[in-house]
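Data from model08.cif: mmCIF, C-alpha atoms and all ligand atoms
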```
data_run
loop_
_atom_site.group_PDB
_atom_site.id
_atom_site.type_symbol
_atom_site.label_atom_id
_atom_site.label_comp_id
_atom_site.auth_asym_id
_atom_site.auth_seq_id
_atom_site.Cartn_x
_atom_site.Cartn_y
_atom_site.Cartn_z
ATOM 1 C CA MET A 23 108.506 95.946 97.250
ATOM 2 C CA LYS A 24 110.677 93.746 99.462
ATOM 3 C CA HIS A 25 109.688 90.059 99.742
ATOM 4 C CA PHE A 26 111.177 87.118 101.658
ATOM 5 C CA LEU A 27 111.146 84.243 99.181
ATOM 6 C CA LYS A 28 114.702 83.006 99.691
ATOM 7 C CA GLU A 29 117.459 83.380 102.279
ATOM 8 C CA THR A 30 119.361 85.959 100.267
ATOM 9 C CA ASP A 31 116.448 88.380 99.831
ATOM 10 C CA PHE A 32 117.787 90.376 102.798
ATOM 11 C CA THR A 33 121.184 92.026 102.502
ATOM 12 C CA PRO A 34 123.793 90.904 105.076
ATOM 13 C CA ARG A 35 123.135 94.113 106.983
ATOM 14 C CA GLU A 36 119.368 93.509 106.998
ATOM 15 C CA VAL A 37 119.951 89.916 108.122
ATOM 16 C CA ALA A 38 121.937 91.192 111.127
ATOM 17 C CA GLU A 39 119.123 93.642 111.941
ATOM 18 C CA VAL A 40 116.487 90.874 111.670
ATOM 19 C CA PHE A 41 118.465 88.665 114.072
ATOM 20 C CA ALA A 42 118.977 91.481 116.588
ATOM 21 C CA LEU A 43 115.274 92.326 116.410
ATOM 22 C CA ALA A 44 114.314 88.664 116.913
ATOM 23 C CA GLN A 45 116.460 88.575 120.040
ATOM 24 C CA SER A 46 114.848 91.687 121.458
ATOM 25 C CA LEU A 47 111.318 90.499 120.563
ATOM 26 C CA LYS A 48 112.079 87.220 122.324
ATOM 27 C CA GLN A 49 113.247 89.036 125.450
ATOM 28 C CA GLN A 50 110.220 91.375 125.419
ATOM 29 C CA ARG A 51 107.623 88.672 124.754
ATOM 30 C CA GLY A 52 104.743 88.873 127.204
ATOM 31 C CA LYS A 53 105.898 92.306 128.434
ATOM 32 C CA THR A 54 105.749 94.715 125.523
ATOM 33 C CA THR A 55 105.722 94.191 121.790
ATOM 34 C CA PRO A 56 105.890 96.951 119.190
ATOM 35 C CA PRO A 57 102.501 96.987 117.414
ATOM 36 C CA VAL A 58 104.150 97.135 113.991
ATOM 37 C CA LEU A 59 101.256 95.340 112.278
ATOM 38 C CA GLN A 60 98.529 97.358 114.006
ATOM 39 C CA HIS A 61 95.429 97.822 111.795
ATOM 40 C CA GLN A 62 96.856 95.265 109.355
ATOM 41 C CA THR A 63 95.605 91.878 108.184
ATOM 42 C CA TRP A 64 98.089 89.308 106.865
ATOM 43 C CA ALA A 65 96.678 86.431 104.820
ATOM 44 C CA MET A 66 98.212 82.960 104.954
ATOM 45 C CA ILE A 67 97.565 80.711 101.934
ATOM 46 C CA PHE A 68 98.526 77.110 102.699
ATOM 47 C CA SER A 69 98.424 74.278 100.142
ATOM 48 C CA LYS A 70 100.187 71.812 102.468
ATOM 49 C CA SER A 71 99.874 70.671 106.096
ATOM 50 C CA SER A 72 101.622 72.620 108.842
ATOM 51 C CA THR A 73 101.884 72.760 112.633
ATOM 52 C CA ARG A 74 104.849 75.013 113.458
ATOM 53 C CA THR A 75 104.648 77.421 110.526
ATOM 54 C CA ARG A 76 100.916 78.000 110.729
ATOM 55 C CA VAL A 77 100.808 78.419 114.506
ATOM 56 C CA SER A 78 103.953 80.561 114.765
ATOM 57 C CA PHE A 79 102.753 82.926 112.019
ATOM 58 C CA GLU A 80 99.209 83.203 113.409
ATOM 59 C CA VAL A 81 100.509 83.874 116.931
ATOM 60 C CA GLY A 82 103.263 86.180 115.634
ATOM 61 C CA ILE A 83 100.943 88.341 113.520
ATOM 62 C CA HIS A 84 98.564 88.614 116.479
ATOM 63 C CA GLU A 85 101.402 89.538 118.861
ATOM 64 C CA LEU A 86 102.521 92.325 116.509
ATOM 65 C CA GLY A 87 99.016 93.833 116.684
ATOM 66 C CA GLY A 88 97.792 92.424 113.358
ATOM 67 C CA ASN A 89 95.058 90.060 112.285
ATOM 68 C CA PRO A 90 96.049 86.688 110.759
ATOM 69 C CA LEU A 91 93.705 85.319 108.081
ATOM 70 C CA PHE A 92 94.297 81.628 107.385
ATOM 71 C CA LEU A 93 93.206 80.477 103.919
ATOM 72 C CA ASN A 94 93.361 76.845 102.900
ATOM 73 C CA ARG A 95 94.068 76.854 99.158
ATOM 74 C CA ASN A 96 91.136 74.543 98.543
ATOM 75 C CA ASP A 97 88.699 76.866 100.302
ATOM 76 C CA ILE A 98 89.438 79.812 98.004
ATOM 77 C CA GLN A 99 88.928 80.124 94.241
ATOM 78 C CA LEU A 100 92.672 79.562 93.662
ATOM 79 C CA GLY A 101 91.942 75.896 94.358
ATOM 80 C CA ARG A 102 89.321 75.930 91.559
ATOM 81 C CA GLY A 103 91.633 77.443 88.988
ATOM 82 C CA GLU A 104 91.501 81.224 89.532
ATOM 83 C CA SER A 105 94.876 82.528 88.397
ATOM 84 C CA ILE A 106 97.722 83.236 90.798
ATOM 85 C CA GLU A 107 97.996 86.751 89.338
ATOM 86 C CA ASP A 108 94.322 87.622 89.925
ATOM 87 C CA THR A 109 94.504 86.144 93.426
ATOM 88 C CA ALA A 110 97.531 88.336 94.209
ATOM 89 C CA LYS A 111 95.859 91.476 92.820
ATOM 90 C CA VAL A 112 92.601 90.878 94.721
ATOM 91 C CA LEU A 113 94.285 90.029 98.025
ATOM 92 C CA SER A 114 96.471 93.143 97.665
ATOM 93 C CA ARG A 115 93.264 95.236 97.838
ATOM 94 C CA PHE A 116 92.259 93.651 101.154
ATOM 95 C CA VAL A 117 95.329 92.628 103.156
ATOM 96 C CA HIS A 118 98.769 93.996 103.968
ATOM 97 C CA GLY A 119 100.972 90.923 103.583
ATOM 98 C CA LEU A 120 100.910 87.344 102.395
ATOM 99 C CA VAL A 121 102.433 84.185 103.889
ATOM 100 C CA VAL A 122 102.420 81.291 101.408
ATOM 101 C CA ARG A 123 103.120 77.545 101.704
ATOM 102 C CA THR A 124 102.919 75.731 98.386
ATOM 103 C CA TYR A 125 104.568 73.254 96.017
ATOM 104 C CA ASP A 126 106.075 75.107 93.054
ATOM 105 C CA HIS A 127 108.527 77.849 94.043
ATOM 106 C CA ALA A 128 107.560 79.783 90.899
ATOM 107 C CA ASP A 129 104.092 80.273 92.434
ATOM 108 C CA VAL A 130 105.423 82.405 95.309
ATOM 109 C CA GLU A 131 107.463 84.426 92.805
ATOM 110 C CA ARG A 132 104.345 84.990 90.669
ATOM 111 C CA LEU A 133 102.292 86.056 93.711
ATOM 112 C CA ALA A 134 105.059 88.477 94.678
ATOM 113 C CA SER A 135 105.379 90.042 91.242
ATOM 114 C CA ALA A 136 101.637 90.333 90.538
ATOM 115 C CA GLY A 137 100.633 91.780 93.921
ATOM 116 C CA THR A 138 101.506 94.986 95.727
ATOM 117 C CA ILE A 139 102.100 93.548 99.210
ATOM 118 C CA PRO A 140 105.074 91.723 100.786
ATOM 119 C CA VAL A 141 105.099 87.944 100.313
ATOM 120 C CA ILE A 142 106.816 85.495 102.672
ATOM 121 C CA ASN A 143 107.768 81.984 101.576
ATOM 122 C CA ALA A 144 106.482 79.628 104.273
ATOM 123 C CA LEU A 145 107.925 76.587 102.405
ATOM 124 C CA THR A 146 107.983 75.517 98.788
ATOM 125 C CA ASP A 147 109.343 72.300 97.279
ATOM 126 C CA PHE A 148 112.515 74.294 96.637
ATOM 127 C CA LEU A 149 113.224 76.352 99.788
ATOM 128 C CA HIS A 150 112.182 76.887 103.431
ATOM 129 C CA PRO A 151 113.919 80.165 104.339
ATOM 130 C CA CYS A 152 111.939 80.939 107.543
ATOM 131 C CA GLN A 153 113.194 77.656 109.001
ATOM 132 C CA ILE A 154 116.826 78.351 108.096
ATOM 133 C CA TYR A 155 116.705 81.819 109.681
ATOM 134 C CA ALA A 156 115.178 80.293 112.856
ATOM 135 C CA ASP A 157 117.848 77.563 112.859
ATOM 136 C CA ALA A 158 120.730 79.998 112.373
ATOM 137 C CA PHE A 159 119.255 82.242 115.098
ATOM 138 C CA THR A 160 119.110 79.217 117.426
ATOM 139 C CA LEU A 161 122.808 78.530 116.826
ATOM 140 C CA ALA A 162 123.755 82.193 117.149
ATOM 141 C CA GLU A 163 121.920 82.378 120.494
ATOM 142 C CA ARG A 164 124.077 79.498 121.776
ATOM 143 C CA TRP A 165 127.398 80.537 120.324
ATOM 144 C CA GLY A 166 127.125 84.310 119.827
ATOM 145 C CA LYS A 167 127.785 87.306 121.958
ATOM 146 C CA ALA A 168 125.601 90.395 122.350
ATOM 147 C CA GLY A 169 126.104 92.795 119.483
ATOM 148 C CA ASP A 170 127.539 90.128 117.184
ATOM 149 C CA LEU A 171 125.115 87.248 116.920
ATOM 150 C CA LEU A 172 126.012 86.284 113.372
ATOM 151 C CA GLY A 173 129.800 86.407 113.732
ATOM 152 C CA SER A 174 129.653 83.264 115.857
ATOM 153 C CA LEU A 175 128.440 81.178 112.900
ATOM 154 C CA LYS A 176 131.453 81.901 110.734
ATOM 155 C CA GLY A 177 133.678 78.898 110.009
ATOM 156 C CA ARG A 178 131.375 76.410 111.776
ATOM 157 C CA LYS A 179 130.555 73.190 109.937
ATOM 158 C CA ILE A 180 127.087 71.732 109.401
ATOM 159 C CA ALA A 181 126.498 68.192 108.129
ATOM 160 C CA PHE A 182 123.153 67.549 106.418
ATOM 161 C CA LEU A 183 122.123 63.885 106.115
ATOM 162 C CA GLY A 184 119.466 62.004 104.162
ATOM 163 C CA ASP A 185 117.346 63.733 101.529
ATOM 164 C CA THR A 186 120.022 66.031 100.192
ATOM 165 C CA ALA A 187 117.839 67.271 97.332
ATOM 166 C CA CYS A 188 114.942 68.558 99.482
ATOM 167 C CA ASN A 189 113.914 72.113 100.349
ATOM 168 C CA MET A 190 115.743 72.008 103.700
ATOM 169 C CA ALA A 191 118.997 70.859 102.081
ATOM 170 C CA ASN A 192 118.742 73.580 99.431
ATOM 171 C CA SER A 193 117.933 76.221 102.032
ATOM 172 C CA TRP A 194 120.810 75.129 104.240
ATOM 173 C CA ILE A 195 123.241 75.383 101.332
ATOM 174 C CA LEU A 196 122.089 78.962 100.739
ATOM 175 C CA GLY A 197 122.031 79.636 104.494
ATOM 176 C CA ALA A 198 125.503 78.203 105.143
ATOM 177 C CA ASN A 199 126.940 80.395 102.397
ATOM 178 C CA LEU A 200 125.063 83.423 103.694
ATOM 179 C CA PHE A 201 126.246 82.897 107.283
ATOM 180 C CA GLY A 202 129.840 81.926 106.397
ATOM 181 C CA MET A 203 129.436 78.299 107.481
ATOM 182 C CA LYS A 204 130.835 75.167 105.820
ATOM 183 C CA ILE A 205 128.330 72.545 104.685
ATOM 184 C CA SER A 206 128.748 68.864 103.849
ATOM 185 C CA LEU A 207 125.753 66.917 102.601
ATOM 186 C CA ALA A 208 125.556 63.120 102.605
ATOM 187 C CA GLY A 209 122.793 61.333 100.743
ATOM 188 C CA PRO A 210 122.207 58.607 98.187
ATOM 189 C CA SER A 211 123.345 58.817 94.598
ATOM 190 C CA GLY A 212 120.693 60.662 92.616
ATOM 191 C CA PHE A 213 119.988 63.077 95.493
ATOM 192 C CA GLU A 214 122.771 65.534 94.739
ATOM 193 C CA PRO A 215 121.623 69.167 95.048
ATOM 194 C CA SER A 216 119.824 69.954 91.789
ATOM 195 C CA ALA A 217 121.303 71.703 88.768
ATOM 196 C CA GLU A 218 118.627 74.406 89.165
ATOM 197 C CA PHE A 219 120.001 75.011 92.621
ATOM 198 C CA ASN A 220 123.609 75.202 91.430
ATOM 199 C CA SER A 221 122.708 77.985 89.049
ATOM 200 C CA LEU A 222 121.051 79.973 91.861
ATOM 201 C CA LEU A 223 124.149 79.556 94.000
ATOM 202 C CA GLY A 224 126.301 80.772 91.124
ATOM 203 C CA LYS A 225 124.010 83.729 90.526
ATOM 204 C CA GLU A 226 124.197 84.768 94.166
ATOM 205 C CA GLY A 227 127.969 84.798 93.853
ATOM 206 C CA PHE A 228 128.857 82.530 96.760
ATOM 207 C CA ALA A 229 132.415 81.336 97.027
ATOM 208 C CA GLY A 230 131.910 78.677 99.679
ATOM 209 C CA GLY A 231 129.583 76.325 97.843
ATOM 210 C CA TYR A 232 129.075 72.915 99.440
ATOM 211 C CA GLN A 233 130.428 69.375 99.560
ATOM 212 C CA PHE A 234 128.370 66.339 98.594
ATOM 213 C CA THR A 235 129.318 62.782 99.539
ATOM 214 C CA GLU A 236 127.646 59.378 99.699
ATOM 215 C CA ASP A 237 129.562 58.635 102.939
ATOM 216 C CA PRO A 238 127.668 59.869 106.041
ATOM 217 C CA TYR A 239 130.774 59.497 108.243
ATOM 218 C CA GLU A 240 132.800 61.725 105.939
ATOM 219 C CA ALA A 241 130.084 64.400 106.154
ATOM 220 C CA VAL A 242 129.824 64.441 109.963
ATOM 221 C CA LYS A 243 133.604 64.499 110.554
ATOM 222 C CA ASP A 244 134.469 67.700 112.495
ATOM 223 C CA ALA A 245 130.845 68.889 112.227
ATOM 224 C CA ASP A 246 129.517 71.376 114.793
ATOM 225 C CA VAL A 247 125.932 70.585 113.772
ATOM 226 C CA VAL A 248 124.333 67.368 112.528
ATOM 227 C CA TYR A 249 121.059 68.100 110.721
ATOM 228 C CA THR A 250 118.472 65.875 109.135
ATOM 229 C CA ASP A 251 114.964 66.185 107.689
ATOM 230 C CA VAL A 252 112.209 63.742 106.774
ATOM 231 C CA TRP A 253 113.014 61.302 103.975
ATOM 232 C CA VAL A 254 109.555 61.726 102.447
ATOM 233 C CA SER A 255 108.727 65.405 102.036
ATOM 234 C CA MET A 256 105.179 66.603 101.434
ATOM 235 C CA GLY A 257 104.310 65.754 97.832
ATOM 236 C CA LYS A 258 106.775 62.836 97.607
ATOM 237 C CA GLU A 259 104.552 60.212 99.240
ATOM 238 C CA GLU A 260 104.489 57.992 96.139
ATOM 239 C CA GLU A 261 108.272 57.550 96.387
ATOM 240 C CA ALA A 262 108.165 56.623 100.089
ATOM 241 C CA LYS A 263 109.185 52.961 99.803
ATOM 242 C CA GLU A 264 112.188 53.593 97.548
ATOM 243 C CA ARG A 265 113.340 56.624 99.562
ATOM 244 C CA ILE A 266 113.241 54.745 102.870
ATOM 245 C CA LYS A 267 115.325 51.976 101.304
ATOM 246 C CA THR A 268 118.030 54.197 99.809
ATOM 247 C CA MET A 269 118.213 56.674 102.699
ATOM 248 C CA THR A 270 118.478 54.146 105.552
ATOM 249 C CA PRO A 271 122.339 54.286 105.583
ATOM 250 C CA PHE A 272 122.041 58.007 106.363
ATOM 251 C CA GLN A 273 119.943 57.625 109.532
ATOM 252 C CA VAL A 274 121.264 59.841 112.334
ATOM 253 C CA ASN A 275 121.790 57.348 115.155
ATOM 254 C CA LYS A 276 123.989 57.333 118.259
ATOM 255 C CA LYS A 277 127.010 55.983 116.353
ATOM 256 C CA LEU A 278 126.840 58.527 113.530
ATOM 257 C CA PHE A 279 126.156 61.429 115.911
ATOM 258 C CA ALA A 280 129.175 60.362 118.007
ATOM 259 C CA ALA A 281 131.371 60.668 114.896
ATOM 260 C CA ALA A 282 130.798 64.453 114.803
ATOM 261 C CA LYS A 283 132.565 66.886 117.181
ATOM 262 C CA ARG A 284 132.235 65.989 120.880
ATOM 263 C CA ASP A 285 130.015 68.997 121.536
ATOM 264 C CA ALA A 286 128.107 68.824 118.215
ATOM 265 C CA LEU A 287 124.437 69.824 118.268
ATOM 266 C CA PHE A 288 121.633 67.830 116.666
ATOM 267 C CA MET A 289 118.999 69.731 114.692
ATOM 268 C CA HIS A 290 115.816 68.789 112.795
ATOM 269 C CA CYS A 291 113.187 71.145 111.390
ATOM 270 C CA LEU A 292 110.414 68.714 112.502
ATOM 271 C CA PRO A 293 108.128 66.870 112.086
ATOM 272 C CA ALA A 294 110.462 63.934 112.842
ATOM 273 C CA TYR A 295 109.863 60.256 112.189
ATOM 274 C CA PRO A 296 111.840 58.393 114.888
ATOM 275 C CA GLY A 297 113.309 55.148 113.603
ATOM 276 C CA LYS A 298 113.535 56.561 110.083
ATOM 277 C CA GLU A 299 115.809 59.594 109.510
ATOM 278 C CA VAL A 300 116.786 59.795 113.221
ATOM 279 C CA THR A 301 116.557 57.577 116.271
ATOM 280 C CA GLN A 302 114.525 58.547 119.349
ATOM 281 C CA GLU A 303 117.757 58.356 121.338
ATOM 282 C CA VAL A 304 119.337 61.160 119.286
ATOM 283 C CA LEU A 305 116.145 63.256 119.379
ATOM 284 C CA ASP A 306 116.257 62.966 123.208
ATOM 285 C CA ASN A 307 120.015 63.651 123.481
ATOM 286 C CA PRO A 308 120.844 66.696 125.669
ATOM 287 C CA ARG A 309 122.621 68.146 122.615
ATOM 288 C CA SER A 310 119.429 67.945 120.543
ATOM 289 C CA ILE A 311 118.010 71.470 120.197
ATOM 290 C CA ILE A 312 114.930 70.657 118.120
ATOM 291 C CA PHE A 313 112.394 72.436 120.327
ATOM 292 C CA ASP A 314 114.516 75.604 120.587
ATOM 293 C CA GLN A 315 114.481 75.661 116.775
ATOM 294 C CA ALA A 316 110.694 75.284 116.764
ATOM 295 C CA GLU A 317 110.186 78.081 119.313
ATOM 296 C CA ASN A 318 112.486 80.429 117.439
ATOM 297 C CA ARG A 319 110.254 80.231 114.371
ATOM 298 C CA LEU A 320 107.958 82.629 116.231
ATOM 299 C CA HIS A 321 110.597 85.201 117.158
ATOM 300 C CA ILE A 322 112.443 85.268 113.833
ATOM 301 C CA GLN A 323 109.245 85.450 111.750
ATOM 302 C CA LYS A 324 107.984 88.361 113.850
ATOM 303 C CA ALA A 325 111.299 90.086 113.089
ATOM 304 C CA ILE A 326 111.015 89.247 109.363
ATOM 305 C CA MET A 327 107.484 90.707 109.192
ATOM 306 C CA ALA A 328 108.552 93.796 111.119
ATOM 307 C CA LYS A 329 111.500 94.286 108.734
ATOM 308 C CA LEU A 330 109.340 93.857 105.622
ATOM 309 C CA SER A 331 106.867 96.376 107.029
ATOM 310 C CA GLU A 332 109.668 98.862 107.713
ATOM 311 C CA LEU A 333 110.973 98.417 104.144
ATOM 312 C CA ARG A 334 107.488 98.542 102.545
ATOM 313 C CA GLY A 335 107.531 100.766 99.505
ATOM 314 C CA LYS A 336 111.317 101.123 99.492
HETATM 315 N N1 LIG B 401 109.231 72.823 110.313
HETATM 316 C C1 LIG B 401 108.040 73.161 109.786
HETATM 317 O O1 LIG B 401 107.924 73.987 108.883
HETATM 318 O O2 LIG B 401 106.983 72.520 110.369
HETATM 319 P P1 LIG B 401 105.470 72.554 109.913
HETATM 320 O O3 LIG B 401 105.360 71.752 108.636
HETATM 321 O O4 LIG B 401 104.728 71.900 111.050
HETATM 322 O O5 LIG B 401 105.041 73.966 109.695
HETATM 323 N N1 LIG B 402 111.209 68.707 103.711
HETATM 324 C C1 LIG B 402 110.004 68.742 104.509
HETATM 325 C C2 LIG B 402 110.050 69.894 105.460
HETATM 326 C C3 LIG B 402 108.869 69.976 106.384
HETATM 327 C C4 LIG B 402 108.945 71.157 107.309
HETATM 328 C C5 LIG B 402 108.793 68.829 103.597
HETATM 329 O O1 LIG B 402 108.835 69.600 102.625
HETATM 330 O O2 LIG B 402 107.814 68.128 103.838
#
```
Have the structure of the file written as structure tokens, please.
Ligand code: CP
Ligand code: NVA
Amino acid sequence: MKHFLKETDFTPREVAEVFALAQSLKQQRGKTTPPVLQHQTWAMIFSKSSTRTRVSFEVGIHELGGNPLFLNRNDIQLGRGESIEDTAKVLSRFVHGLVVRTYDHADVERLASAGTIPVINALTDFLHPCQIYADAFTLAERWGKAGDLLGSLKGRKIAFLGDTACNMANSWILGANLFGMKISLAGPSGFEPSAEFNSLLGKEGFAGGYQFTEDPYEAVKDADVVYTDVWVSMGKEEEAKERIKTMTPFQVNKKLFAAAKRDALFMHCLPAYPGKEVTQEVLDNPRSIIFDQAENRLHIQKAIMAKLSELRGK
């Protein structure tokens, strides 16, 4: 059973097919959509807040002819201690796919191995692969040409600023290596990408790796994309004061953004906290593409679900 728990769960060929499908689904939206999830229900178990992920999956499942079933973790017996394995086995008898947002990445892996339906990672503390695919698709749409969307990403440089140990940083390291991009991360000492992450990168056999620096200006030099994320991810609220203090030098403001390439794009997965990780001025810059990223969550996730359905049982 094929799952989408991390960026590299699709082969490079499948990734290219997912991107091409997302482009065609985007063009067809509102006209025709293949009913690839017809007569199917996909459950969505969320243990954390969400605007974009929840809405884009619910709308996307509906637009593919399926029925989305939103389950807050605390409303089902999982929240009262029923095991992940039993939950996966029971849900597999009722629904055709599972979209999961949770804390521990091992939980999505356990759901995937205990059940008999495809599981999609809708964010864990470790990775946010749906966001990275949407982000890469957004860049490919701008830079790519028909028939070779992904080729346009090769050799481009992304700079990731701020919380360089969070799920978005980890996912972008995997994503950059998958898409042939260069990545420089700048964050405070102690926020280097984790050792756990390094071993995954080694296991996936990537040559490119990443650069880590404590100098934000070094990271953005020659960057095609300047990316940041919240300094206080969901679950890290108790560390808020300390994080805001140590991450302030990494704020993406007009001066730092101007130190990247002249035509560099600004990206943020959202939600954003203006005045913290980024200034309102940068969010409003004509080269800020934050809402294109948000919209593309819908198109890429529809393509991911369609691909998993096609590969079901293979
Ligand atoms: N970017 C993202 O995943 O947003 P939500 O938390 O609103 O889903
Ligand atoms: N790093 C953030 C991403 C939110 C989409 C978090 O985990 O809260």
Using only C-alpha atoms and all ligand atoms, find each protein or nucleic acid residue lying at most 10 Å from ligand LIG 402 (chain B); present the set as a PDB file with C-alpha atoms, in the coordinates of the input.
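Saved result, part_23.pdb, follows:
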```pdb
ATOM      1  CA  LYS A  70     100.187  71.812 102.468  1.00  0.00           C
ATOM      2  CA  SER A  71      99.874  70.671 106.096  1.00  0.00           C
ATOM      3  CA  SER A  72     101.622  72.620 108.842  1.00  0.00           C
ATOM      4  CA  THR A  73     101.884  72.760 112.633  1.00  0.00           C
ATOM      5  CA  ARG A  74     104.849  75.013 113.458  1.00  0.00           C
ATOM      6  CA  THR A  75     104.648  77.421 110.526  1.00  0.00           C
ATOM      7  CA  ARG A 123     103.120  77.545 101.704  1.00  0.00           C
ATOM      8  CA  THR A 124     102.919  75.731  98.386  1.00  0.00           C
ATOM      9  CA  TYR A 125     104.568  73.254  96.017  1.00  0.00           C
ATOM     10  CA  ALA A 144     106.482  79.628 104.273  1.00  0.00           C
ATOM     11  CA  LEU A 145     107.925  76.587 102.405  1.00  0.00           C
ATOM     12  CA  THR A 146     107.983  75.517  98.788  1.00  0.00           C
ATOM     13  CA  ASP A 147     109.343  72.300  97.279  1.00  0.00           C
ATOM     14  CA  PHE A 148     112.515  74.294  96.637  1.00  0.00           C
ATOM     15  CA  LEU A 149     113.224  76.352  99.788  1.00  0.00           C
ATOM     16  CA  HIS A 150     112.182  76.887 103.431  1.00  0.00           C
ATOM     17  CA  GLN A 153     113.194  77.656 109.001  1.00  0.00           C
ATOM     18  CA  ASP A 185     117.346  63.733 101.529  1.00  0.00           C
ATOM     19  CA  THR A 186     120.022  66.031 100.192  1.00  0.00           C
ATOM     20  CA  ALA A 187     117.839  67.271  97.332  1.00  0.00           C
ATOM     21  CA  CYS A 188     114.942  68.558  99.482  1.00  0.00           C
ATOM     22  CA  ASN A 189     113.914  72.113 100.349  1.00  0.00           C
ATOM     23  CA  MET A 190     115.743  72.008 103.700  1.00  0.00           C
ATOM     24  CA  ALA A 191     118.997  70.859 102.081  1.00  0.00           C
ATOM     25  CA  ASN A 192     118.742  73.580  99.431  1.00  0.00           C
ATOM     26  CA  THR A 250     118.472  65.875 109.135  1.00  0.00           C
ATOM     27  CA  ASP A 251     114.964  66.185 107.689  1.00  0.00           C
ATOM     28  CA  VAL A 252     112.209  63.742 106.774  1.00  0.00           C
ATOM     29  CA  TRP A 253     113.014  61.302 103.975  1.00  0.00           C
ATOM     30  CA  VAL A 254     109.555  61.726 102.447  1.00  0.00           C
ATOM     31  CA  SER A 255     108.727  65.405 102.036  1.00  0.00           C
ATOM     32  CA  MET A 256     105.179  66.603 101.434  1.00  0.00           C
ATOM     33  CA  GLY A 257     104.310  65.754  97.832  1.00  0.00           C
ATOM     34  CA  LYS A 258     106.775  62.836  97.607  1.00  0.00           C
ATOM     35  CA  GLU A 259     104.552  60.212  99.240  1.00  0.00           C
ATOM     36  CA  HIS A 290     115.816  68.789 112.795  1.00  0.00           C
ATOM     37  CA  CYS A 291     113.187  71.145 111.390  1.00  0.00           C
ATOM     38  CA  LEU A 292     110.414  68.714 112.502  1.00  0.00           C
ATOM     39  CA  PRO A 293     108.128  66.870 112.086  1.00  0.00           C
ATOM     40  CA  ALA A 294     110.462  63.934 112.842  1.00  0.00           C
TER      41      ALA A 294
END
```
Using only the atoms of ligand LIG 401 (chain B) listed in the file, plus 6 Å on each side, state the axis-aligned box centre and edge lengths in Å rounded to one decimal, as AutoDock Vina command-line options.
```
--center_x 107.0 --center_y 72.9 --center_z 109.8 --size_x 16.5 --size_y 14.2 --size_z 14.4
```
Test item: which residues lie within 12 Å of (119.3, 93.2, 106.8) counting only C-alpha atoms, as a PyMOL selection string: chain A and resi 24+26+29-43+172+200+325-326+328-330+332-333
Hits of the PyMOL selection byres (((chain A and resi 160) around 10) and not hetatm) in this structure, as a list in words: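 Checking the PyMOL selection byres (((chain A and resi 160) around 10) and not hetatm) against this file, the residues are Ile154, Tyr155, Ala156, Asp157, Ala158, Phe159, Leu161, Ala162, Glu163, Arg164, Trp165, Gly166, Met289, Ile311, Ile312, Phe313, Asp314, Gln315, Ala316, Glu317, Asn318, Arg319 and Ile322 of chain A.
Atom to atom, atom CA of A:Phe288 and atom CA of A:Ile266 stand 20.8 Å apart.
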Residues matched by the PyMOL selection byres (((chain A and resi 300) around 12) and not hetatm), written as a short mmCIF file (atom, residue, chain, number, x, y, z; two decimals) with C-alpha atoms, keeping the file's coordinate frame:
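Once everything was written out, this is part01.cif:
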```
data_model
loop_
_atom_site.label_atom_id
_atom_site.label_comp_id
_atom_site.auth_asym_id
_atom_site.auth_seq_id
_atom_site.Cartn_x
_atom_site.Cartn_y
_atom_site.Cartn_z
CA LEU A 183 122.12 63.88 106.12
CA GLY A 184 119.47 62.00 104.16
CA VAL A 248 124.33 67.37 112.53
CA TYR A 249 121.06 68.10 110.72
CA THR A 250 118.47 65.88 109.14
CA ASP A 251 114.96 66.18 107.69
CA VAL A 252 112.21 63.74 106.77
CA TRP A 253 113.01 61.30 103.98
CA MET A 269 118.21 56.67 102.70
CA THR A 270 118.48 54.15 105.55
CA PRO A 271 122.34 54.29 105.58
CA PHE A 272 122.04 58.01 106.36
CA GLN A 273 119.94 57.62 109.53
CA VAL A 274 121.26 59.84 112.33
CA ASN A 275 121.79 57.35 115.16
CA LYS A 276 123.99 57.33 118.26
CA LYS A 277 127.01 55.98 116.35
CA LEU A 278 126.84 58.53 113.53
CA PHE A 279 126.16 61.43 115.91
CA PHE A 288 121.63 67.83 116.67
CA MET A 289 119.00 69.73 114.69
CA HIS A 290 115.82 68.79 112.80
CA LEU A 292 110.41 68.71 112.50
CA PRO A 293 108.13 66.87 112.09
CA ALA A 294 110.46 63.93 112.84
CA TYR A 295 109.86 60.26 112.19
CA PRO A 296 111.84 58.39 114.89
CA GLY A 297 113.31 55.15 113.60
CA LYS A 298 113.54 56.56 110.08
CA GLU A 299 115.81 59.59 109.51
CA THR A 301 116.56 57.58 116.27
CA GLN A 302 114.52 58.55 119.35
CA GLU A 303 117.76 58.36 121.34
CA VAL A 304 119.34 61.16 119.29
CA LEU A 305 116.14 63.26 119.38
CA ASP A 306 116.26 62.97 123.21
CA ASN A 307 120.02 63.65 123.48
CA SER A 310 119.43 67.94 120.54
#
```
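Counting all atoms listed in the file, the residue from A:Ala181, A:Val130, A:Ala241, A:Leu320 that sits nearest to ligand LIG 401 (chain B) is A:Leu320.
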State, in Å with one decimal place, the distance from atom CA of A:His61 to atom CA of A:Gly88. 6.1 Å
